[in-house]
Structure formats: C-alpha cells, structure tokens
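K.L.:
Next comes the structure file start_31.tsv, holding TSV, C-alpha atoms.
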chain	number	residue	atom	x	y	z
A	22	MET	CA	0.00	0.00	0.00
A	23	LYS	CA	0.92	3.65	-0.38
A	24	ILE	CA	0.67	5.51	2.91
A	25	LEU	CA	1.11	9.13	4.02
A	26	VAL	CA	2.26	9.93	7.56
A	27	THR	CA	1.96	13.57	8.66
A	28	GLY	CA	4.31	14.27	11.53
A	29	GLY	CA	6.48	11.51	10.11
A	30	ALA	CA	9.64	13.07	11.56
A	31	GLY	CA	8.15	13.03	15.05
A	32	PHE	CA	8.62	10.48	17.81
A	33	ILE	CA	5.60	8.26	17.13
A	34	GLY	CA	5.57	9.11	13.43
A	35	GLY	CA	9.15	7.97	12.95
A	36	HIS	CA	8.50	4.62	14.58
A	37	LEU	CA	5.30	4.18	12.56
A	38	VAL	CA	7.11	4.92	9.30
A	39	SER	CA	9.81	2.37	10.07
A	40	SER	CA	7.20	-0.28	10.90
A	41	LEU	CA	5.37	0.37	7.61
A	42	LEU	CA	8.60	0.22	5.61
A	43	ASP	CA	9.54	-3.05	7.31
A	44	ASP	CA	6.37	-4.55	5.82
A	45	GLY	CA	7.10	-3.27	2.32
A	46	HIS	CA	4.73	-0.30	2.12
A	47	ASP	CA	5.50	2.82	0.09
A	48	VAL	CA	5.55	5.70	2.58
A	49	HIS	CA	5.46	9.48	2.17
A	50	ILE	CA	5.99	11.83	5.10
A	51	ILE	CA	5.06	15.45	5.73
A	52	ASP	CA	6.60	17.37	8.63
A	53	ASP	CA	7.42	21.03	9.21
A	54	MET	CA	10.27	19.98	11.57
A	55	SER	CA	9.06	22.32	14.34
A	56	THR	CA	9.32	19.49	16.86
A	57	GLY	CA	10.37	16.64	14.57
A	58	SER	CA	13.95	15.56	14.00
A	59	VAL	CA	15.93	14.25	11.05
A	60	HIS	CA	17.07	11.47	13.39
A	61	ASN	CA	13.49	10.16	13.43
A	62	ILE	CA	13.28	9.89	9.64
A	63	ASP	CA	14.00	6.40	8.41
A	64	PRO	CA	16.91	6.53	5.93
A	65	ARG	CA	14.93	4.23	3.62
A	66	ILE	CA	12.56	7.12	2.84
A	67	PRO	CA	13.74	8.55	-0.52
A	68	PHE	CA	14.14	12.31	-0.70
A	69	ALA	CA	11.27	12.57	-3.19
A	70	ASN	CA	8.91	11.16	-0.54
A	71	LYS	CA	9.85	13.71	2.12
A	72	HIS	CA	7.77	16.88	2.20
A	73	LEU	CA	9.43	18.85	4.97
A	74	ARG	CA	7.23	21.91	4.86
A	75	ASP	CA	4.36	23.61	6.62
A	76	LEU	CA	1.09	21.72	6.24
A	77	ASN	CA	-0.76	24.77	7.60
A	78	THR	CA	-0.46	26.95	4.50
A	79	ASP	CA	-2.98	27.66	1.74
A	80	LEU	CA	-0.36	27.13	-0.96
A	81	PHE	CA	0.00	23.50	0.03
A	82	ASP	CA	-3.62	22.42	-0.53
A	83	ARG	CA	-3.26	21.35	-4.18
A	84	GLU	CA	0.02	19.53	-3.57
A	85	LEU	CA	-1.49	17.75	-0.57
A	86	ALA	CA	-4.45	16.50	-2.62
A	87	ASN	CA	-2.08	15.26	-5.31
A	88	ILE	CA	-0.04	13.33	-2.74
A	89	MET	CA	-3.14	11.83	-1.11
A	90	LEU	CA	-4.66	10.87	-4.45
A	91	ASP	CA	-1.90	8.30	-4.69
A	92	CYS	CA	-2.31	7.03	-1.10
A	93	ASP	CA	-4.54	4.39	0.48
A	94	ILE	CA	-4.24	5.61	4.07
A	95	VAL	CA	-3.22	8.79	5.88
A	96	PHE	CA	-1.96	8.60	9.44
A	97	HIS	CA	-2.44	12.18	10.63
A	98	LEU	CA	-0.08	12.71	13.57
A	99	ALA	CA	1.10	16.26	12.84
A	100	ALA	CA	0.32	18.62	15.74
A	101	VAL	CA	1.84	20.99	18.25
A	102	VAL	CA	2.86	18.73	21.15
A	103	GLY	CA	4.22	18.97	24.70
A	104	VAL	CA	2.67	20.73	27.70
A	105	LYS	CA	5.41	23.36	27.90
A	106	ASN	CA	5.23	24.02	24.18
A	107	VAL	CA	1.43	24.39	24.30
A	108	MET	CA	1.55	26.69	27.32
A	109	LYS	CA	3.95	29.04	25.53
A	110	ASN	CA	2.26	28.91	22.13
A	111	SER	CA	-1.48	28.55	22.65
A	112	ILE	CA	-2.49	30.54	19.53
A	113	ARG	CA	-0.15	28.52	17.31
A	114	THR	CA	-1.43	25.33	18.94
A	115	MET	CA	-5.02	26.09	17.95
A	116	ASN	CA	-4.13	27.30	14.45
A	117	VAL	CA	-1.81	24.42	13.56
A	118	ASN	CA	-3.81	21.59	15.12
A	119	HIS	CA	-7.09	22.72	13.59
A	120	GLY	CA	-5.71	23.99	10.28
A	121	THR	CA	-3.71	20.89	9.41
A	122	THR	CA	-6.59	18.55	10.25
A	123	LYS	CA	-9.05	20.54	8.16
A	124	ARG	CA	-6.73	20.35	5.17
A	125	ILE	CA	-6.23	16.59	5.56
A	126	LEU	CA	-9.99	15.95	5.81
A	127	GLU	CA	-10.84	18.19	2.86
A	128	ALA	CA	-8.22	16.46	0.72
A	129	ALA	CA	-9.52	13.06	1.87
A	130	TYR	CA	-13.03	14.08	0.78
A	131	CYS	CA	-11.66	14.72	-2.70
A	132	THR	CA	-9.55	11.56	-2.89
A	133	GLY	CA	-11.46	9.00	-0.78
A	134	THR	CA	-8.37	8.25	1.31
A	135	LYS	CA	-8.86	6.66	4.74
A	136	VAL	CA	-7.73	8.93	7.61
A	137	ILE	CA	-6.42	7.74	10.97
A	138	PHE	CA	-6.61	10.89	13.09
A	139	THR	CA	-4.59	10.88	16.30
A	140	SER	CA	-6.32	12.73	19.08
A	141	SER	CA	-5.25	12.66	22.73
A	142	SER	CA	-6.26	11.54	26.20
A	143	GLU	CA	-6.13	15.25	27.05
A	144	VAL	CA	-9.65	15.58	25.64
A	145	TYR	CA	-11.06	13.85	28.73
A	146	GLY	CA	-10.16	16.96	30.71
A	147	CYS	CA	-10.72	16.79	34.44
A	148	ASP	CA	-12.72	13.58	34.83
A	149	ASN	CA	-10.25	11.25	36.53
A	150	THR	CA	-12.22	8.90	38.79
A	151	GLU	CA	-12.36	5.71	36.73
A	152	PRO	CA	-10.63	4.32	33.63
A	153	LEU	CA	-11.66	6.62	30.80
A	154	VAL	CA	-14.21	5.33	28.29
A	155	GLU	CA	-14.68	6.79	24.79
A	156	ASN	CA	-18.36	7.71	25.19
A	157	GLN	CA	-18.14	9.49	28.54
A	158	PRO	CA	-18.56	13.28	28.94
A	159	LEU	CA	-15.50	15.45	28.27
A	160	VAL	CA	-14.96	17.92	31.12
A	161	ILE	CA	-12.98	21.17	30.72
A	162	LYS	CA	-13.35	23.11	33.97
A	163	ASP	CA	-11.99	26.53	33.09
A	164	ILE	CA	-11.56	28.07	29.65
A	165	ASN	CA	-9.03	30.52	31.10
A	166	LYS	CA	-6.52	27.74	31.83
A	167	LYS	CA	-4.03	27.59	28.95
A	168	ARG	CA	-3.37	23.98	29.96
A	169	HIS	CA	-6.52	23.00	28.06
A	170	THR	CA	-5.72	24.72	24.75
A	171	TYR	CA	-4.36	21.50	23.30
A	172	ALA	CA	-7.34	19.45	24.49
A	173	CYS	CA	-9.84	21.91	23.00
A	174	SER	CA	-8.06	21.85	19.63
A	175	LYS	CA	-8.20	18.06	19.61
A	176	VAL	CA	-11.89	17.96	20.61
A	177	LEU	CA	-12.72	20.34	17.77
A	178	ASN	CA	-10.80	18.13	15.36
A	179	GLU	CA	-12.62	15.02	16.59
A	180	PHE	CA	-15.98	16.68	15.88
A	181	MET	CA	-14.74	17.76	12.48
A	182	ALA	CA	-13.36	14.32	11.59
A	183	LEU	CA	-16.59	12.56	12.54
A	184	SER	CA	-18.63	15.18	10.68
A	185	TYR	CA	-16.65	14.51	7.50
A	186	TYR	CA	-17.39	10.82	8.02
A	187	LYS	CA	-21.13	11.25	8.67
A	188	GLU	CA	-21.88	14.02	6.17
A	189	ARG	CA	-19.34	13.41	3.39
A	190	GLY	CA	-18.50	9.73	3.71
A	191	VAL	CA	-14.80	10.20	4.47
A	192	PRO	CA	-13.51	6.97	6.10
A	193	VAL	CA	-12.14	8.21	9.41
A	194	VAL	CA	-10.89	6.55	12.60
A	195	VAL	CA	-10.30	8.78	15.64
A	196	VAL	CA	-7.76	7.48	18.16
A	197	ARG	CA	-7.05	8.94	21.59
A	198	LEU	CA	-3.43	8.30	22.54
A	199	PHE	CA	-2.38	7.89	26.17
A	200	ASN	CA	1.20	8.67	27.28
A	201	THR	CA	3.26	6.91	24.61
A	202	VAL	CA	6.91	6.45	25.57
A	203	GLY	CA	10.01	4.83	24.09
A	204	PRO	CA	13.32	5.24	22.28
A	205	ARG	CA	14.04	8.57	20.58
A	206	GLN	CA	11.43	10.51	22.54
A	207	SER	CA	12.78	13.97	23.29
A	208	PRO	CA	12.69	15.42	26.82
A	209	SER	CA	12.62	18.92	25.34
A	210	TYR	CA	8.87	19.44	25.59
A	211	GLY	CA	8.20	18.17	29.10
A	212	MET	CA	7.77	14.44	28.36
A	213	VAL	CA	8.19	12.90	31.79
A	214	VAL	CA	9.99	9.58	31.20
A	215	PRO	CA	12.73	10.90	28.87
A	216	SER	CA	13.09	13.91	31.20
A	217	PHE	CA	13.70	11.59	34.17
A	218	VAL	CA	16.12	9.52	32.11
A	219	LYS	CA	18.04	12.63	31.09
A	220	ASN	CA	18.13	13.86	34.71
A	221	THR	CA	19.49	10.51	35.86
A	222	MET	CA	22.17	10.26	33.17
A	223	ASN	CA	23.33	13.82	33.89
A	224	ASP	CA	23.43	13.31	37.69
A	225	GLU	CA	20.70	15.92	38.08
A	226	PRO	CA	17.72	15.83	40.47
A	227	LEU	CA	14.66	14.16	38.98
A	228	THR	CA	12.18	17.03	38.72
A	229	VAL	CA	8.61	16.21	39.78
A	230	HIS	CA	5.89	18.81	39.23
A	231	GLY	CA	3.56	19.31	42.17
A	232	ASP	CA	3.58	16.61	44.85
A	233	GLY	CA	3.90	13.73	42.38
A	234	SER	CA	0.63	12.08	43.37
A	235	GLN	CA	-0.83	12.42	39.85
A	236	GLN	CA	-1.38	9.00	38.25
A	237	ARG	CA	-0.57	8.17	34.64
A	238	SER	CA	-0.40	5.00	32.55
A	239	PHE	CA	2.30	4.53	29.94
A	240	ILE	CA	2.38	2.54	26.70
A	241	HIS	CA	5.45	1.57	24.70
A	242	VAL	CA	5.67	3.26	21.30
A	243	HIS	CA	5.93	-0.13	19.59
A	244	ASP	CA	2.57	-1.10	21.08
A	245	THR	CA	1.03	2.22	20.00
A	246	VAL	CA	2.29	1.73	16.45
A	247	ARG	CA	0.88	-1.79	16.33
A	248	ALA	CA	-2.50	-0.57	17.61
A	249	LEU	CA	-2.59	2.24	15.03
A	250	ARG	CA	-1.91	-0.19	12.22
A	251	LEU	CA	-4.53	-2.66	13.43
A	252	LEU	CA	-7.15	0.09	13.56
A	253	ALA	CA	-6.20	1.19	10.05
A	254	GLU	CA	-6.88	-2.35	8.86
A	255	SER	CA	-10.20	-2.68	10.68
A	256	GLU	CA	-13.30	-1.81	8.64
A	257	ASN	CA	-15.37	-1.87	11.84
A	258	ALA	CA	-13.24	0.92	13.32
A	259	VAL	CA	-14.31	3.46	10.67
A	260	GLY	CA	-16.41	6.21	12.25
A	261	GLU	CA	-15.31	5.21	15.76
A	262	VAL	CA	-13.34	6.90	18.56
A	263	VAL	CA	-10.88	4.49	20.17
A	264	ASN	CA	-8.46	4.73	23.13
A	265	ILE	CA	-4.89	3.48	22.70
A	266	GLY	CA	-3.04	2.95	25.97
A	267	ASN	CA	-1.89	0.42	28.55
A	268	PRO	CA	-3.90	0.53	31.80
A	269	ASP	CA	-1.61	-2.07	33.37
A	270	ASN	CA	1.25	0.44	33.47
A	271	GLU	CA	-0.43	2.92	35.84
A	272	ILE	CA	1.92	4.62	38.30
A	273	SER	CA	2.20	7.89	40.23
A	274	ILE	CA	4.78	10.37	38.95
A	275	ARG	CA	6.53	10.26	42.32
A	276	ASP	CA	6.87	6.47	42.12
A	277	LEU	CA	7.92	6.76	38.48
A	278	ALA	CA	10.80	9.02	39.51
A	279	ASP	CA	12.00	6.35	41.95
A	280	TYR	CA	11.54	3.65	39.31
A	281	VAL	CA	13.61	5.52	36.72
A	282	GLY	CA	16.20	6.76	39.21
A	283	TYR	CA	17.05	3.31	40.51
A	284	PHE	CA	17.41	1.94	36.99
A	285	TYR	CA	20.76	3.69	36.72
A	286	LYS	CA	22.10	4.38	40.19
A	287	ASP	CA	21.68	3.42	43.83
A	288	THR	CA	21.32	7.00	45.03
A	289	TYR	CA	19.51	9.83	43.28
A	290	GLU	CA	17.64	12.99	44.24
A	291	VAL	CA	14.00	13.78	43.57
A	292	GLN	CA	13.15	17.49	43.49
A	293	PHE	CA	9.57	18.71	43.80
A	294	VAL	CA	8.80	21.88	41.84
A	295	PRO	CA	5.47	23.76	42.21
A	296	TYR	CA	3.45	24.06	39.02
A	297	ASP	CA	3.57	27.86	39.01
A	298	ARG	CA	7.37	27.73	38.98
A	299	ALA	CA	7.60	24.91	36.46
A	300	PHE	CA	5.26	26.54	33.94
A	301	ASP	CA	5.52	30.19	34.96
A	302	ILE	CA	1.76	30.40	35.41
A	303	GLN	CA	-0.58	30.54	38.37
A	304	GLU	CA	-3.07	27.75	39.15
A	305	PHE	CA	-1.83	25.17	36.68
A	306	ASP	CA	-4.73	22.76	36.21
A	307	ASP	CA	-3.20	19.28	36.24
A	308	ILE	CA	-5.16	16.06	35.93
A	309	LYS	CA	-4.92	13.78	38.97
A	310	ARG	CA	-5.54	10.46	37.21
A	311	ARG	CA	-5.56	9.46	33.57
A	312	VAL	CA	-5.95	5.77	32.77
A	313	PRO	CA	-7.68	4.35	29.67
A	314	ASP	CA	-10.33	1.73	29.27
A	315	VAL	CA	-9.12	-0.15	26.18
A	316	SER	CA	-11.88	-2.74	25.87
A	317	LYS	CA	-13.14	-1.12	22.65
A	318	LEU	CA	-9.70	-1.35	21.05
A	319	THR	CA	-9.45	-5.01	22.05
A	320	LYS	CA	-12.92	-5.78	20.71
A	321	LEU	CA	-12.22	-4.12	17.35
A	322	THR	CA	-8.73	-5.49	16.77
A	323	GLY	CA	-7.84	-8.12	19.37
A	324	PHE	CA	-4.97	-5.84	20.45
A	325	LYS	CA	-3.19	-6.41	23.75
A	326	PRO	CA	-0.09	-4.43	24.76
A	327	GLU	CA	3.08	-6.48	24.95
A	328	HIS	CA	5.45	-4.19	26.87
A	329	GLY	CA	5.35	-3.41	30.58
A	330	LEU	CA	6.85	-0.42	32.38
A	331	TYR	CA	10.17	-2.20	32.85
A	332	ARG	CA	10.63	-2.59	29.08
A	333	ILE	CA	9.59	1.03	28.48
A	334	VAL	CA	12.20	2.46	30.86
A	335	TYR	CA	14.83	-0.08	29.81
A	336	ASP	CA	14.47	0.91	26.15
A	337	CYS	CA	14.66	4.62	26.96
A	338	PHE	CA	18.03	4.08	28.67
A	339	GLU	CA	19.47	1.38	26.44
A	340	GLU	CA	18.56	2.69	23.00
A	341	GLN	CA	18.46	6.42	23.60
A	342	PHE	CA	21.08	7.11	26.24
A	343	GLY	CA	23.54	4.26	25.96
A	344	GLY	CA	23.05	1.87	28.85
A	345	ILE	CA	21.76	1.06	32.31
A	346	ARG	CA	23.21	-0.33	35.47
A	347	ASN	CA	20.68	-1.61	37.99
A	348	ALA	CA	18.19	-3.29	35.62
So that I can check it, write out the structure of this file as structure tokens.
P.N.:
Amino acid sequence: MKILVTGGAGFIGGHLVSSLLDDGHDVHIIDDMSTGSVHNIDPRIPFANKHLRDLNTDLFDRELANIMLDCDIVFHLAAVVGVKNVMKNSIRTMNVNHGTTKRILEAAYCTGTKVIFTSSSEVYGCDNTEPLVENQPLVIKDINKKRHTYACSKVLNEFMALSYYKERGVPVVVVRLFNTVGPRQSPSYGMVVPSFVKNTMNDEPLTVHGDGSQQRSFIHVHDTVRALRLLAESENAVGEVVNIGNPDNEISIRDLADYVGYFYKDTYEVQFVPYDRAFDIQEFDDIKRRVPDVSKLTKLTGFKPEHGLYRIVYDCFEEQFGGIRNA
C-alpha cells in the first residue's frame, strides 16, 4: 500500500514509518520539523517522498491533494505537542492543530483516502475517577486555563473528523493516545519519562511537578504503532473513537521518579517543583488520574499491549542514552 504519515519526523511518526517500511509499504511523510527531527526519519525514505514543509499553508492544498490521491491511508499525527510548548504557544497550537486537520480531511473528501486521526487523552479533561471510556462526557473546567488549549483543539478536530465521516462519507478513525513512551522521545517538551532519564544520566535531580501524586499510565511506542496499524486495517473501526493505551502500566509520577532513578544508580535525588514555577503560570490545572479503558480497542482489533513499564524504561536508557546499570 501507499501511505502518508503527517508528523512523520516526530517520535511516534518515525516509529510508525519504520514499521510500515519493514512490511514493504510505500511511505510518504510530511513534517514542518518544528518538533520533529531528522534522526526520526527512516533513511529508507527517498528524498522525493519527504515533504518537509508547513502543512498549515494555503499554498499547500493542491500539492497535498495530489499526494493523497496516490495514497490508500493517511496517518495524521502532525500537531503541536508537549505541555510546555502548548503553554507558551497557545495561539499557534489552535491554528496548527485545527488547520492541518481541516486540510487533511478536505483532501480526503476529494480523494477517498482513509484517515487515521490521532487525538489525545487530554480531551477527557478533568474527569479522573475511573478508567476513561470513549463515550463518557468530556470535562474542561476553566476556559481561562491555557493547559486545556491542546485538548480543545483536539476535541474540535474530533468533531470535524466525525462530521466529515457522517456528512461526506470520508472513512475516518479517531484514536485517543495515552502517554506513549520509548526510544528517541525527546525530553525537550516536558515528556516525563525521557526527562527523568536525562536527569538521571546527567546526575541531576529528577524534577517532579507538584507533589507527584498524579497518576498516569504509559504505553510503549511499539505497542502504540501496532494498535494504530490494526485500527487502520479494521473496517469496523471506521467512524469510531478508540483509546490506545496500557492501563496495566499505571503509576504515580513520584513512584515513576523512583523507578527511573534506581534503573541507573543506587542513590539519586528527587526534586519537587510547584506548578507555578515549572510553567511560569498561576493555578496550573493538572489532571490527577488518567488511565484508559481499552476494551473497545481489544474488541475491534484483538490488540493487547506487549510491553510493561520495565521494558519502556529499559528501552529509553538502552537505545536512547547508551546503557543502564541496575536493571
């Protein structure tokens, strides 16, 4: 098959592209390199199939349609990512996340290409009592909190994607990604596991925001890529919203710091930093618990994650930073 991956120079996008190439698919990528890296681009991608330019421009519409006309599937991963990045660039976050998705969907309407749109667990907002189910209410408490800019852009895009499916027949699958981690993930934008790994390798304190009681669940990037591909192959997934995550890897951020710290050394320091100092903003609205219900994903595809937290942290040290000691 011929496949387009937007955000193909990003962390997840790069792993997805490599997986598709391994299975003999012809892959094109589009990335404006704002947060992507050339190190994430598989060297098997010929230069002619790299479109390293801004997907959020009017001039690109015709070229995009021409590219998609030749493709069977589009994995749309391109977006502004990272809490710190979003907090500093909320206007750009809304413009890029909405603008790129609109262009992909409009082109897909013209070409009939299937779209796998990657949304985020952030859309669930502040509801954190039970494992999160796709059809539950989405709760944003305060529109004045810049923390939720990213979530609102993704919710808007979900509505738009499903509207293109229902009104115009565009084959769309909406996926909500939960805390994907693994090799080559950059710590530059506040991603917690690579940040802890970097702190440990540099003999720096492991920085925990708030008191560290917030709970998260983490999924290995290889599992996320496999789930994305299974959903792309599933005809029953078209028109659906589906969580991708690993509820078995739930852990508090404080305990995660200890887990990562001891991977490399016997003694390490954990430093607690208030949210207002970490993000230079008052009343940062963090989510206390975010864990997915993945029964829908399993029902549609038979998917079960293969990698536990140990493998996630091991791979971050071994493949990205050159080794571990205590594992």
K.L.:
Would you give me, as CSV, each residue of stretch 205-273 of chain A having an atom within 8 Å of an atom of stretch 308-311 of chain A, along with its shortest atom pair and that distance in Å to one decimal, using all atoms listed in the file and sorting by chain and residue number?
P.N.:
residue,atom,partner,partner_atom,distance
A:Ser234,CA,A:Lys309,CA,7.3
A:Gln235,CA,A:Lys309,CA,4.4
A:Gln236,CA,A:Arg310,CA,4.5
A:Arg237,CA,A:Arg311,CA,5.3
A:Ser238,CA,A:Arg311,CA,6.9
K.L.:
Would you kindly return, as a ChimeraX atom specification, each protein, DNA or RNA residue with an atom no farther than 6 Å from any atom of A:Val196, considering all atoms listed in the file and excluding same-chain residues fewer than 3 positions away?
P.N.:
/A:139-140,262-264
K.L.:
Give me, as a list in words, all polymer residues having an atom no more than 10 Å from stretch 280-288 of chain A, counting only C-alpha atoms and skipping those fewer than 4 positions away in the same chain.
P.N.:
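So, after excluding close chain neighbours, the residues are Val214, Pro215, Phe217, Val218, Asn220, Thr221, Met222, Asp224, Pro226, Leu227, Ile272, Ile274, Arg275, Asp276, Leu330, Tyr331, Val334, Tyr335, Cys337, Phe338, Gly344, Ile345, Arg346, Asn347 and Ala348 of chain A.
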K.L.:
When distances are computed from all atoms listed in the file, which of A:Ile33, A:Ala258, A:Val291, A:Cys147 shows the smallest separation from A:Gly203?
P.N.:
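So, comparing all the options, the nearest one is A:Ile33.
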K.L.:
Which value, in Å to one decimal, gives the distance between atom CA of A:Val242 and atom CA of A:His36?
P.N.:
7.4 Å
K.L.:
Using all atoms listed in the file, which residue out of A:Pro326, A:Pro268, A:Pro295, A:Gly28 lies closest to A:Thr122?
P.N.:
A:Gly28
K.L.:
Separation of atom CA of A:Asn61 and atom CA of A:Thr201, in Å?
P.N.:
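Going from atom CA of A:Asn61 over to atom CA of A:Thr201, I get 15.5 Å.
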K.L.:
Considering all atoms listed in the file, return as an MDAnalysis selection string whatever protein or nucleic-acid residues lie within 7 Å of stretch 44-51 of chain A, sequence-local ones (same chain, fewer than 6 positions apart) excluded.
P.N.:
chainID A and resid 22:29 38 70:74
K.L.:
Kindly export the residues of the current selection with C-alpha atoms, as a compact mmCIF listing (two decimals), keeping the file's coordinate frame.
P.N.:
# COMPACT_ATOMS: atom_id res chain seq x y z
CA MET A 22 0.00 0.00 0.00
CA LYS A 23 0.92 3.65 -0.38
CA ILE A 24 0.67 5.51 2.91
CA LEU A 25 1.11 9.13 4.02
CA VAL A 26 2.26 9.93 7.56
CA THR A 27 1.96 13.57 8.66
CA GLY A 28 4.31 14.27 11.53
CA GLY A 29 6.48 11.51 10.11
CA VAL A 38 7.11 4.92 9.30
CA ASN A 70 8.91 11.16 -0.54
CA LYS A 71 9.85 13.71 2.12
CA HIS A 72 7.77 16.88 2.20
CA LEU A 73 9.43 18.85 4.97
CA ARG A 74 7.23 21.91 4.86
K.L.:
With distances taken over only C-alpha atoms, which of A:Phe239, A:Tyr130, A:Phe32, A:Phe138 is nearest to A:Thr56?
P.N.:
A:Phe32
K.L.:
Calculated over all atoms listed in the file, which of the candidates A:Ser55, A:Thr134, A:Thr245, A:Gln292 has the smallest distance to A:Tyr186?
P.N.:
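Distance minimum relative to A:Tyr186 lands on A:Thr134.
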K.L.:
For A:Val59, which residue out of A:His241, A:Ala182, A:Arg205, A:Gly120 is the nearest one, using all atoms listed in the file?
P.N.:
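Checking each candidate against A:Val59, we get A:Arg205 as the closest.
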K.L.:
I need the residue nearest A:Val154 from this list: A:Ser111, A:Ser207, A:Asn87, A:Ser142. Use all atoms listed in the file for the distance.
P.N.:
A:Ser142
K.L.:
So for stretch 310-313 of chain A, what box centre and size do we get, axis-aligned, 6 Å extra on each of the six sides, every listed atom, Å to one decimal, as AutoDock Vina command-line options?
P.N.:
--center_x -6.6 --center_y 7.4 --center_z 33.4 --size_x 14.1 --size_y 18.1 --size_z 19.5
K.L.:
What is the distance, in Å and to one decimal place, between atom CA of A:Arg332 and atom CA of A:Val202?
P.N.:
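Pair atom CA of A:Arg332 / atom CA of A:Val202 returns 10.4 Å.
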K.L.:
(-1.9, -2.8, 16.3) in this file's frame - what residues fall within 10 Å of it? Use only C-alpha atoms and give the answer as a list in words.
P.N.:
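These residues have at least one counted atom within 10 Å: His243, Asp244, Thr245, Val246, Arg247, Ala248, Leu249, Arg250, Leu251, Leu252, Ala253, Glu254, Ile265, Leu318, Thr319, Thr322, Gly323, Phe324, Lys325 and Pro326 of chain A.
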K.L.:
Around the point (6.7, 18.0, 39.2) in the file's coordinates, collect all residues with an atom within 7 Å, using all atoms listed in the file, and return them as a ChimeraX atom specification.
P.N.:
/A:228-233,293-296
